[in-house]
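File shown here: data_32.txt, holding compact mmCIF, C-alpha atoms.
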# COMPACT_ATOMS: atom_id res chain seq x y z
CA MET A 41 24.32 110.59 59.30
CA GLU A 42 26.57 108.93 56.73
CA TYR A 43 26.96 109.83 53.07
CA THR A 44 28.64 108.30 50.01
CA THR A 45 29.46 111.24 47.75
CA GLN A 46 29.52 115.02 48.07
CA MET A 47 26.31 115.08 46.07
CA ASP A 48 24.69 112.57 48.41
CA ALA A 49 25.75 114.68 51.40
CA ALA A 50 24.24 117.81 49.88
CA ARG A 51 20.97 116.01 49.23
CA LYS A 52 20.91 114.80 52.85
CA GLY A 53 21.62 118.27 54.21
CA ILE A 54 25.12 117.40 55.42
CA PHE A 55 27.59 120.29 55.18
CA THR A 56 30.92 118.53 54.63
CA PRO A 57 34.39 119.94 55.42
CA GLU A 58 35.02 120.09 51.66
CA MET A 59 31.88 122.17 51.14
CA ALA A 60 32.94 124.51 53.94
CA LYS A 61 36.25 125.24 52.21
CA VAL A 62 34.59 125.81 48.85
CA ALA A 63 31.87 128.05 50.31
CA GLU A 64 34.51 130.23 51.98
CA LYS A 65 36.61 130.54 48.81
CA GLU A 66 33.61 131.33 46.63
CA HIS A 67 31.86 133.75 49.04
CA LEU A 68 28.77 131.55 48.76
CA GLU A 69 26.17 130.84 51.41
CA PRO A 70 26.36 127.21 52.57
CA LYS A 71 22.68 126.57 51.86
CA LYS A 72 23.03 127.94 48.34
CA LEU A 73 26.09 125.80 47.66
CA MET A 74 24.35 122.67 48.93
CA ALA A 75 21.27 123.39 46.82
CA LEU A 76 23.38 123.73 43.67
CA MET A 77 25.25 120.52 44.49
CA ALA A 78 22.03 118.62 45.15
CA GLU A 79 20.86 119.62 41.66
CA GLY A 80 24.17 118.63 40.05
CA LYS A 81 24.98 122.19 38.98
CA VAL A 82 28.05 122.36 41.24
CA ILE A 83 30.54 119.57 41.93
CA ILE A 84 33.48 119.09 44.30
CA PRO A 85 35.68 116.36 42.77
CA CYS A 86 37.27 114.77 45.80
CA ASN A 87 38.14 111.05 45.94
CA LYS A 88 38.02 109.67 49.47
CA VAL A 89 41.51 108.19 48.97
CA HIS A 90 43.06 111.53 47.92
CA THR A 91 43.50 112.88 51.44
CA CYS A 92 45.99 115.68 50.63
CA ILE A 93 43.61 117.44 48.23
CA GLU A 94 42.72 121.12 48.52
CA PRO A 95 39.01 121.01 47.60
CA ASN A 96 37.68 123.19 44.81
CA GLY A 97 34.22 123.53 43.34
CA LEU A 98 33.22 123.61 39.69
CA GLY A 99 29.95 124.91 38.35
CA SER A 100 27.28 127.55 38.41
CA MET A 101 28.04 130.82 40.26
CA LEU A 102 31.63 129.73 41.06
CA LYS A 103 34.94 131.07 39.78
CA THR A 104 36.17 129.45 36.56
CA LYS A 105 38.86 126.83 37.23
CA ILE A 106 41.63 125.56 34.97
CA ASN A 107 43.06 122.12 34.28
CA VAL A 108 46.58 121.22 33.15
CA ASN A 109 47.25 118.11 31.05
CA LEU A 110 50.56 116.37 31.72
CA GLY A 111 52.08 112.91 31.49
CA THR A 112 54.59 110.71 29.74
CA SER A 113 54.55 109.51 26.15
CA ARG A 114 56.49 106.88 24.20
CA ASP A 115 58.96 109.53 23.01
CA LEU A 116 59.35 111.30 26.37
CA THR A 117 59.20 109.13 29.48
CA ASP A 118 60.94 111.32 32.08
CA LEU A 119 58.74 111.08 35.20
CA ASN A 120 60.87 113.62 37.06
CA MET A 121 60.28 116.15 34.30
CA GLU A 122 56.52 115.55 34.50
CA LEU A 123 56.60 115.97 38.28
CA GLU A 124 58.48 119.26 37.84
CA LYS A 125 55.69 120.40 35.52
CA VAL A 126 53.09 119.34 38.09
CA ASN A 127 54.77 121.34 40.84
CA HIS A 128 55.08 124.40 38.63
CA ALA A 129 51.44 124.09 37.58
CA VAL A 130 50.23 124.02 41.18
CA GLU A 131 52.47 126.98 42.10
CA MET A 132 51.01 128.95 39.18
CA GLY A 133 47.44 128.41 40.32
CA ALA A 134 46.15 125.38 38.40
CA GLU A 135 43.29 123.77 40.32
CA ALA A 136 43.49 120.43 38.50
CA ILE A 137 46.06 118.14 36.90
CA MET A 138 45.07 115.51 34.34
CA ASP A 139 47.54 112.66 34.00
CA PHE A 140 47.61 111.74 30.31
CA SER A 141 50.51 109.28 30.69
CA SER A 142 50.58 106.74 27.90
CA PHE A 143 53.93 105.03 28.48
CA GLY A 144 56.08 103.72 31.33
CA ASP A 145 55.07 103.02 34.94
CA THR A 146 51.81 104.97 34.81
CA GLN A 147 50.47 103.69 38.11
CA LYS A 148 53.56 104.81 40.01
CA PHE A 149 53.18 108.34 38.65
CA ARG A 150 49.42 108.39 39.27
CA ARG A 151 49.77 107.24 42.89
CA LYS A 152 52.51 109.78 43.52
CA LEU A 153 50.13 112.50 42.35
CA THR A 154 47.27 111.39 44.59
CA HIS A 155 49.57 111.02 47.59
CA GLU A 156 51.42 114.32 47.25
CA CYS A 157 49.55 116.78 45.02
CA PRO A 158 46.87 119.10 46.48
CA ALA A 159 45.24 119.74 43.08
CA MET A 160 42.32 117.71 41.76
CA ILE A 161 43.73 114.74 39.84
CA GLY A 162 42.06 113.48 36.69
CA THR A 163 42.86 110.57 34.38
CA VAL A 164 41.67 108.92 31.18
CA PRO A 165 41.48 105.19 31.97
CA ILE A 166 41.26 104.19 28.30
CA TYR A 167 44.84 105.43 27.73
CA ASP A 168 46.12 103.48 30.69
CA ALA A 169 44.39 100.26 29.67
CA VAL A 170 46.41 100.09 26.48
CA VAL A 171 49.64 100.57 28.49
CA TYR A 172 48.65 98.30 31.37
CA TYR A 173 47.53 95.26 29.39
CA HIS A 174 50.28 95.65 26.80
CA LYS A 175 48.44 93.79 24.07
CA ALA A 176 46.72 94.47 20.78
CA LEU A 177 43.80 96.87 21.07
CA GLY A 178 41.28 94.41 19.65
CA LYS A 179 42.29 91.79 22.24
CA ILE A 180 41.35 93.94 25.26
CA THR A 181 38.03 92.71 26.65
CA ALA A 182 35.09 94.75 27.86
CA ARG A 183 35.77 93.48 31.37
CA GLU A 184 39.35 94.71 31.24
CA TRP A 185 38.27 98.23 30.25
CA ILE A 186 36.03 98.41 33.34
CA ASP A 187 38.70 96.95 35.63
CA ILE A 188 40.99 99.85 34.77
CA VAL A 189 38.30 102.29 35.90
CA ARG A 190 38.21 100.58 39.29
CA MET A 191 42.00 100.61 39.53
CA HIS A 192 42.10 104.38 38.94
CA ALA A 193 39.40 104.92 41.57
CA GLU A 194 41.37 102.83 44.06
CA ASP A 195 44.49 104.86 43.26
CA GLY A 196 42.68 108.02 44.38
CA VAL A 197 41.91 110.00 41.22
CA ASP A 198 39.23 112.66 41.71
CA PHE A 199 37.75 112.65 38.21
CA MET A 200 37.96 110.42 35.15
CA THR A 201 37.22 111.07 31.52
CA ILE A 202 35.01 108.25 30.27
CA HIS A 203 34.17 108.16 26.56
CA CYS A 204 30.70 106.72 27.00
CA GLY A 205 28.74 108.90 24.57
CA ILE A 206 30.02 107.27 21.39
CA ASN A 207 27.93 104.10 21.18
CA LYS A 208 26.96 102.02 18.16
CA GLU A 209 24.21 104.44 17.17
CA THR A 210 26.51 107.45 17.39
CA ALA A 211 29.15 105.60 15.39
CA LYS A 212 26.64 104.86 12.63
CA LYS A 213 25.71 108.53 12.43
CA PHE A 214 29.37 109.50 12.33
CA LYS A 215 30.04 107.17 9.40
CA ARG A 216 27.01 108.52 7.52
CA ASN A 217 28.07 112.15 8.08
CA ARG A 218 31.79 112.15 7.37
CA ARG A 219 33.94 114.99 8.62
CA LEU A 220 36.91 116.91 7.35
CA MET A 221 38.99 115.86 10.39
CA ASN A 222 37.18 112.69 11.55
CA ILE A 223 37.60 111.92 15.29
CA VAL A 224 40.48 113.80 16.95
CA SER A 225 39.86 112.69 20.54
CA ARG A 226 42.53 110.14 21.48
CA GLY A 227 40.18 108.21 23.74
CA GLY A 228 37.35 108.55 21.24
CA SER A 229 39.44 107.21 18.39
CA ILE A 230 40.62 104.27 20.51
CA ILE A 231 37.13 103.18 21.55
CA PHE A 232 35.76 103.75 18.03
CA ALA A 233 38.51 101.54 16.60
CA TRP A 234 37.86 98.89 19.26
CA MET A 235 34.13 98.86 18.46
CA GLU A 236 34.83 98.57 14.74
CA MET A 237 37.31 95.71 15.21
CA THR A 238 35.27 93.71 17.71
CA GLY A 239 31.73 94.54 16.63
CA GLU A 240 30.85 95.06 20.31
CA GLU A 241 29.08 97.94 22.03
CA ASN A 242 31.20 100.56 23.79
CA PRO A 243 31.76 98.97 27.25
CA PHE A 244 31.79 102.38 28.94
CA PHE A 245 28.25 102.87 27.64
CA GLN A 246 27.07 99.28 28.06
CA TYR A 247 28.33 98.95 31.64
CA PHE A 248 27.72 102.54 32.68
CA ASP A 249 25.79 101.52 35.79
CA GLU A 250 28.72 99.44 37.02
CA ILE A 251 31.04 102.41 36.49
CA LEU A 252 28.61 104.54 38.53
CA ASP A 253 28.79 102.03 41.38
CA ILE A 254 32.59 102.33 41.40
CA CYS A 255 32.38 106.13 41.36
CA ARG A 256 29.83 106.17 44.16
CA GLU A 257 32.06 103.95 46.32
CA TYR A 258 35.10 106.24 46.05
CA ASP A 259 33.33 109.53 45.24
CA VAL A 260 34.94 109.86 41.83
CA THR A 261 33.49 112.51 39.55
CA LEU A 262 32.80 111.39 36.00
CA SER A 263 33.89 113.70 33.22
CA LEU A 264 31.78 112.50 30.30
CA GLY A 265 34.19 112.68 27.39
CA ASP A 266 33.41 114.22 24.03
CA ALA A 267 34.78 111.63 21.64
CA CYS A 268 33.12 113.51 18.78
CA ARG A 269 34.42 116.97 19.62
CA PRO A 270 35.31 118.94 16.48
CA GLY A 271 38.98 118.92 15.52
CA CYS A 272 38.71 121.78 13.04
CA LEU A 273 36.38 124.72 12.51
CA GLN A 274 34.64 123.01 9.60
CA ASP A 275 33.41 120.16 11.85
CA ALA A 276 31.99 122.32 14.65
CA THR A 277 28.41 121.81 15.84
CA ASP A 278 27.78 118.92 13.45
CA ALA A 279 25.42 115.96 13.79
CA SER A 280 27.95 113.70 15.54
CA GLN A 281 28.83 116.30 18.17
CA ILE A 282 25.20 117.02 19.00
CA GLU A 283 24.15 113.35 18.91
CA GLU A 284 26.86 112.52 21.43
CA LEU A 285 25.81 115.45 23.64
CA ILE A 286 22.24 114.14 23.70
CA THR A 287 23.53 110.76 24.89
CA LEU A 288 25.69 112.42 27.56
CA GLY A 289 22.62 114.30 28.82
CA GLU A 290 20.77 111.00 29.23
CA LEU A 291 23.74 109.46 31.08
CA THR A 292 23.94 112.52 33.34
CA LYS A 293 20.45 111.79 34.69
CA ARG A 294 21.40 108.18 35.35
CA ALA A 295 24.48 109.29 37.27
CA TRP A 296 22.50 111.72 39.40
CA GLU A 297 20.09 108.92 40.32
CA LYS A 298 23.08 107.26 42.03
CA ASP A 299 24.40 110.52 43.56
CA VAL A 300 27.47 110.48 41.29
CA GLN A 301 28.94 113.87 40.43
CA ILE A 302 29.16 114.65 36.72
CA MET A 303 30.71 117.19 34.37
CA ILE A 304 30.42 117.30 30.60
CA GLU A 305 33.32 117.79 28.21
CA GLY A 306 32.94 120.09 25.23
CA PRO A 307 34.64 121.41 22.11
CA GLY A 308 37.21 121.50 20.63
CA HIS A 309 37.82 123.66 17.57
CA MET A 310 34.98 126.08 16.94
CA PRO A 311 34.33 129.45 15.24
CA LEU A 312 33.99 132.23 17.79
CA ASN A 313 30.41 133.01 16.81
CA GLN A 314 29.24 129.45 17.64
CA ILE A 315 30.62 129.22 21.18
CA ALA A 316 27.85 130.99 23.11
CA ALA A 317 25.17 128.94 21.35
CA ASN A 318 27.06 125.72 22.15
CA MET A 319 27.15 126.62 25.84
CA GLU A 320 23.36 127.10 25.81
CA ILE A 321 22.83 123.81 23.96
CA GLN A 322 24.97 122.00 26.53
CA LYS A 323 23.17 123.54 29.50
CA THR A 324 19.84 122.50 28.00
CA LEU A 325 20.72 118.98 26.86
CA CYS A 326 22.81 118.15 29.95
CA HIS A 327 20.49 119.77 32.50
CA GLY A 328 22.94 122.37 33.83
CA ALA A 329 25.79 119.99 34.67
CA PRO A 330 29.18 121.79 34.82
CA PHE A 331 30.80 122.13 31.40
CA TYR A 332 34.52 121.42 30.87
CA VAL A 333 35.81 122.85 27.58
CA LEU A 334 38.96 121.95 25.69
CA GLY A 335 39.72 125.41 24.32
CA PRO A 336 37.70 126.10 22.30
CA ILE A 337 40.35 126.85 19.69
CA VAL A 338 38.91 129.55 17.46
CA THR A 339 41.16 129.28 14.40
CA ASP A 340 43.13 126.40 12.91
CA ILE A 341 46.06 128.41 11.51
CA ALA A 342 48.17 129.16 14.61
CA PRO A 343 50.39 126.22 15.62
CA GLY A 344 52.86 127.58 18.14
CA TYR A 345 50.29 130.12 19.36
CA ASP A 346 47.35 127.91 20.26
CA HIS A 347 47.50 129.03 23.89
CA ILE A 348 46.24 132.35 22.49
CA THR A 349 43.57 130.89 20.19
CA SER A 350 42.40 128.79 23.14
CA ALA A 351 42.34 131.71 25.59
CA ILE A 352 40.14 133.69 23.20
CA GLY A 353 37.66 130.82 22.91
CA GLY A 354 37.89 129.90 26.59
CA THR A 355 36.96 133.42 27.67
CA VAL A 356 33.83 133.40 25.53
CA ALA A 357 32.93 129.88 26.67
CA ALA A 358 33.35 130.67 30.37
CA MET A 359 31.47 133.96 30.23
CA ASN A 360 28.58 132.01 28.69
CA GLY A 361 28.52 129.22 31.25
CA ALA A 362 31.57 126.92 31.00
CA SER A 363 32.94 126.11 34.47
CA PHE A 364 36.29 124.49 33.74
CA LEU A 365 38.91 125.37 31.12
CA CYS A 366 41.50 122.92 29.90
CA TYR A 367 44.68 124.81 29.22
CA VAL A 368 46.31 124.67 25.81
CA THR A 369 50.03 125.28 25.40
CA PRO A 370 52.04 126.73 22.49
CA ALA A 371 53.11 123.13 21.82
CA GLU A 372 49.54 121.96 21.04
CA HIS A 373 49.44 119.94 17.79
CA LEU A 374 53.26 119.93 17.70
CA ARG A 375 54.93 118.09 20.61
CA LEU A 376 54.79 117.21 24.30
CA PRO A 377 54.96 120.56 26.13
CA ASP A 378 58.06 121.42 28.15
CA VAL A 379 58.12 123.41 31.38
CA ASP A 380 58.08 126.77 29.59
CA ASP A 381 55.16 125.68 27.39
CA VAL A 382 53.23 124.62 30.47
CA LYS A 383 53.78 128.04 32.04
CA GLU A 384 52.60 129.87 28.90
CA GLY A 385 49.51 127.67 28.71
CA ILE A 386 48.60 128.13 32.36
CA ILE A 387 48.98 131.91 32.28
CA ALA A 388 46.85 132.17 29.13
CA ALA A 389 44.13 129.96 30.63
CA ARG A 390 44.14 131.85 33.93
CA ILE A 391 43.76 135.16 32.10
CA ALA A 392 40.83 133.70 30.16
CA ALA A 393 39.18 132.34 33.31
CA HIS A 394 39.61 135.61 35.21
CA ALA A 395 38.35 137.76 32.36
CA ALA A 396 35.27 135.53 32.09
CA ASP A 397 34.62 135.70 35.83
CA ILE A 398 34.55 139.49 35.63
CA ALA A 399 32.21 139.37 32.64
CA LYS A 400 29.74 137.03 34.34
CA GLY A 401 29.76 138.94 37.62
CA VAL A 402 31.37 136.42 39.96
CA PRO A 403 31.46 138.07 43.41
CA HIS A 404 34.77 139.85 44.13
CA ALA A 405 36.29 138.74 40.81
CA MET A 406 37.32 142.33 39.95
CA ASP A 407 38.87 143.09 43.34
CA TRP A 408 42.26 141.97 42.04
CA ASP A 409 42.00 144.35 39.05
CA ASN A 410 41.02 147.23 41.30
CA GLU A 411 44.08 146.63 43.47
CA MET A 412 46.25 146.72 40.35
CA ALA A 413 44.62 149.98 39.25
CA VAL A 414 45.46 151.57 42.62
CA ALA A 415 49.08 150.41 42.37
CA ARG A 416 49.35 151.80 38.84
CA LYS A 417 47.85 155.12 39.87
CA LYS A 418 50.46 155.38 42.63
CA LEU A 419 53.21 154.25 40.22
CA ASP A 420 54.06 151.63 42.85
CA TRP A 421 56.09 149.23 40.75
CA ASN A 422 56.69 146.63 43.47
CA ALA A 423 52.98 146.44 44.23
CA MET A 424 52.27 146.05 40.48
CA PHE A 425 54.74 143.18 40.26
CA ASP A 426 53.25 141.47 43.32
CA LEU A 427 49.76 141.75 41.84
CA ALA A 428 50.74 140.61 38.34
CA ILE A 429 49.52 137.20 37.19
CA ASP A 430 53.17 136.49 36.27
CA PRO A 431 55.35 138.59 38.62
CA GLU A 432 58.62 137.15 37.33
CA LYS A 433 57.95 138.20 33.74
CA ALA A 434 56.74 141.66 34.75
CA ARG A 435 59.91 142.29 36.78
CA ARG A 436 62.11 140.92 34.00
CA TYR A 437 60.57 143.25 31.40
CA ARG A 438 61.00 146.26 33.68
CA GLU A 439 64.63 145.40 34.42
CA SER A 440 65.45 144.82 30.75
CA SER A 441 64.79 148.47 29.92
CA ARG A 442 65.29 150.68 32.95
CA PRO A 443 64.03 154.29 32.52
CA GLU A 444 66.01 157.39 33.41
CA LYS A 445 63.56 158.15 36.22
CA GLU A 446 62.07 155.53 38.50
CA ASP A 447 58.53 156.95 38.39
CA THR A 448 58.16 156.27 34.64
CA CYS A 449 58.82 153.49 32.17
CA SER A 450 60.94 153.53 29.03
CA MET A 451 57.82 153.71 26.85
CA CYS A 452 56.47 157.11 27.99
CA GLY A 453 59.14 158.70 30.17
CA ASN A 454 58.05 162.23 31.09
CA PHE A 455 55.02 161.87 28.82
CA CYS A 456 53.52 159.43 31.37
CA ALA A 457 49.83 160.28 31.65
CA VAL A 458 49.52 158.74 35.10
CA LYS A 459 52.39 160.76 36.57
CA ASN A 460 51.28 163.99 34.92
CA MET A 461 47.64 163.64 36.01
CA ASN A 462 48.71 162.92 39.58
CA ARG A 463 50.81 166.07 39.57
CA ILE A 464 48.33 168.43 37.98
CA LEU A 465 45.50 167.28 40.23
CA ASP A 466 47.78 167.84 43.23
CA GLY A 467 48.30 171.43 42.08
CA GLU A 468 51.85 170.90 40.80
CA ILE A 469 53.34 172.22 37.57
CA VAL A 470 53.73 169.78 34.68
CA SER A 471 56.69 170.65 32.45
CA ILE A 472 57.47 167.67 30.31
CA PHE A 473 60.58 168.85 28.42
CA ASP A 474 62.25 170.85 31.21
CA GLU A 475 62.41 168.10 33.85
Now that the file is in, can you turn its structure into structure tokens?
Amino acid sequence: MEYTTQMDAARKGIFTPEMAKVAEKEHLEPKKLMALMAEGKVIIPCNKVHTCIEPNGLGSMLKTKINVNLGTSRDLTDLNMELEKVNHAVEMGAEAIMDFSSFGDTQKFRRKLTHECPAMIGTVPIYDAVVYYHKALGKITAREWIDIVRMHAEDGVDFMTIHCGINKETAKKFKRNRRLMNIVSRGGSIIFAWMEMTGEENPFFQYFDEILDICREYDVTLSLGDACRPGCLQDATDASQIEELITLGELTKRAWEKDVQIMIEGPGHMPLNQIAANMEIQKTLCHGAPFYVLGPIVTDIAPGYDHITSAIGGTVAAMNGASFLCYVTPAEHLRLPDVDDVKEGIIAARIAAHAADIAKGVPHAMDWDNEMAVARKKLDWNAMFDLAIDPEKARRYRESSRPEKEDTCSMCGNFCAVKNMNRILDGEIVSIFDE
């Protein structure tokens, strides 16, 4: 029996090789995985052209995954540097790479990713259209926007962000309910400007069915973009954000009718106390489709430290139902991240994802922590380093301040509670000052 997409296969009762890998990783019964996929609550973004991919699932009951945004810009066009970041990101455990390239030979970079990189590859076609056509924004036609979507599908990308929720009606509401920070989504601002200049409907909304046909052909997952995500705390959970989410929920049903896999993008900047409620609103309005959050960033005052503000918000989001965290680096709001920024962002996002998985009871999520606890109890430093989320940094810190005795650290020395408890429980004498 043949199938078009992973969702179509699940609905037909076909257990694909990609599903088998995901089920094994997630400790999930095949029938349960297929049932969740048939409902749209779990997705496996996996373009048929991207043959070197290592499949991963996103959604209900699965481990939280992270995405890394990379790509060239007008000011920094070094493709080799971006590829170095990609390789580091994969080595550090990122399950997905989004190519945000907005300058240079974008197709060359994109094709290299889908031919060599095992991570899920995502793109934002609206960025590439501006680069590819190399003409004034208002001169790009509706047809040309859609043609770029097809080109990205043909190039093998596994998921695409499509800003289809900001239509003429949403735009009217946005203009009636002005914000402190307006629209901060790059793609959202581009399509809003295009609609204002041309007077036409958003082509990604108007020709959504044609986009679905392309996605069905190549098994591309649509990431329905949040053009109206809040860009500061003051704008969180406002009329424009919710109006767009309602539209995305309606488009989700249309996608599922064509067996196209869907995820929904979410905030943004948001006070900590609003995050859990936003996750519930999304699950309700978008019928349980996997939620992909950009942060959320929980305070606006920390440029240079937004990997931390994002990790705080991402943990709360994931423990309340978000499936996919977009990393944020210390360079957010300031510059294109370098290799060190990428590392900091990935580690912060992975910590957030793991902490959330423990909180929401993902099977075996805490096994790693238990192994670390055993190593610490034994004062087995090499085992601790091997288990650390960043072994290199852990080793470097230890080496930078070597203790007098190997079974302690320079913080506690002979006052080490772990060492002293081990000794006293083994019937030994503890004599802190005489050792």
* Closest of A:Met132, A:Glu305, A:Glu290, A:Ala78 to A:Glu384 - atom-to-atom distances counting all atoms listed in the file -> A:Met132
* 9 Å contact set for A:Phe55, all atoms listed in the file, chain neighbours under 6 positions out, as a PyMOL selection string -> chain A and resi 49+70-71+74
Residues just named, written with C-alpha atoms as an mmCIF file, keeping the file's coordinate frame:
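Dumped everything to out.cif:
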data_model
loop_
_atom_site.group_PDB
_atom_site.id
_atom_site.type_symbol
_atom_site.label_atom_id
_atom_site.label_comp_id
_atom_site.auth_asym_id
_atom_site.auth_seq_id
_atom_site.Cartn_x
_atom_site.Cartn_y
_atom_site.Cartn_z
ATOM 1 C CA ALA A 49 25.750 114.680 51.400
ATOM 2 C CA PRO A 70 26.360 127.210 52.570
ATOM 3 C CA LYS A 71 22.680 126.570 51.860
ATOM 4 C CA MET A 74 24.350 122.670 48.930
#
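The shortest atom-to-atom distance to A:Glu283, with only C-alpha atoms taken into account, belongs to A:Phe214 out of A:Phe214, A:Trp234, A:Phe455, A:Phe149.
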* Between atom CA of A:Phe232 and atom CA of A:Lys212 - distance in Å to one decimal -> 10.7 Å
* Asked: So what do you get for atom CA of A:Val300 versus atom CA of A:Arg256, distance-wise?
  -> 5.7 Å
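Every protein, DNA or RNA residue with an atom at most 9 Å from stretch 399-405 of chain A, where only C-alpha atoms count and chain neighbours fewer than 4 positions away do not, is listed here: Glu66, His67, Leu68, Met101, Leu102, Lys103, Ala358, Met359, Asn360, Gly361, His394, Ala395 and Asp409 of chain A.
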* **Long-range neighbours of A:Pro370 as a ChimeraX atom specification, 7 Å cut-off, all atoms listed in the file, 6 positions minimum in chain** => /A:344-347,381,385
Excluding same-chain residues fewer than 5 positions from A:Glu124, what lies within 10 Å of it counting all atoms listed in the file, as a compact mmCIF listing (two decimals) with C-alpha atoms, in the frame of the given file?
# COMPACT_ATOMS: atom_id res chain seq x y z
CA LEU A 119 58.74 111.08 35.20
CA ALA A 129 51.44 124.09 37.58
CA ASP A 378 58.06 121.42 28.15
CA VAL A 379 58.12 123.41 31.38
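The spacing separating atom CA of A:Ala415 from atom CA of A:Glu64 amounts to 26.7 Å.
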* To do: Compare A:Val260, A:Met138, A:Ile251, A:Ile84 by their minimum atom-to-atom distance to A:Asp195, counting all atoms listed in the file, and give me the closest one.
  =>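 Comparing A:Val260, A:Met138, A:Ile251, A:Ile84 against A:Asp195, the winner is A:Val260.
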* To do: For each of A:Val458, A:Leu365, A:Ala316, A:Ile254, take the minimum atom-to-atom distance to A:Pro330, counting only C-alpha atoms, then give the residue where this is smallest.
  =>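 Nearest candidate to A:Pro330 out of A:Val458, A:Leu365, A:Ala316, A:Ile254: A:Leu365.
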Which residues of stretch 129-246 of chain A come within 9 Å of stretch 291-298 of chain A, and for each one, what is the closest pair of atoms and their distance in Å to one decimal, counting all atoms listed in the file, sorted by chain and residue number, as a Markdown table?
| residue | atom | partner | partner_atom | distance |
| --- | --- | --- | --- | --- |
| A:Cys204 | CA | A:Leu291 | CA | 8.5 |
| A:Gly205 | CA | A:Leu291 | CA | 8.2 |
| A:Phe245 | CA | A:Leu291 | CA | 8.7 |
* Using all atoms listed in the file, can you list as a PyMOL selection string the residues within 10 Å of (41.7, 129.3, 49.4)? -> chain A and resi 61-66+94-96
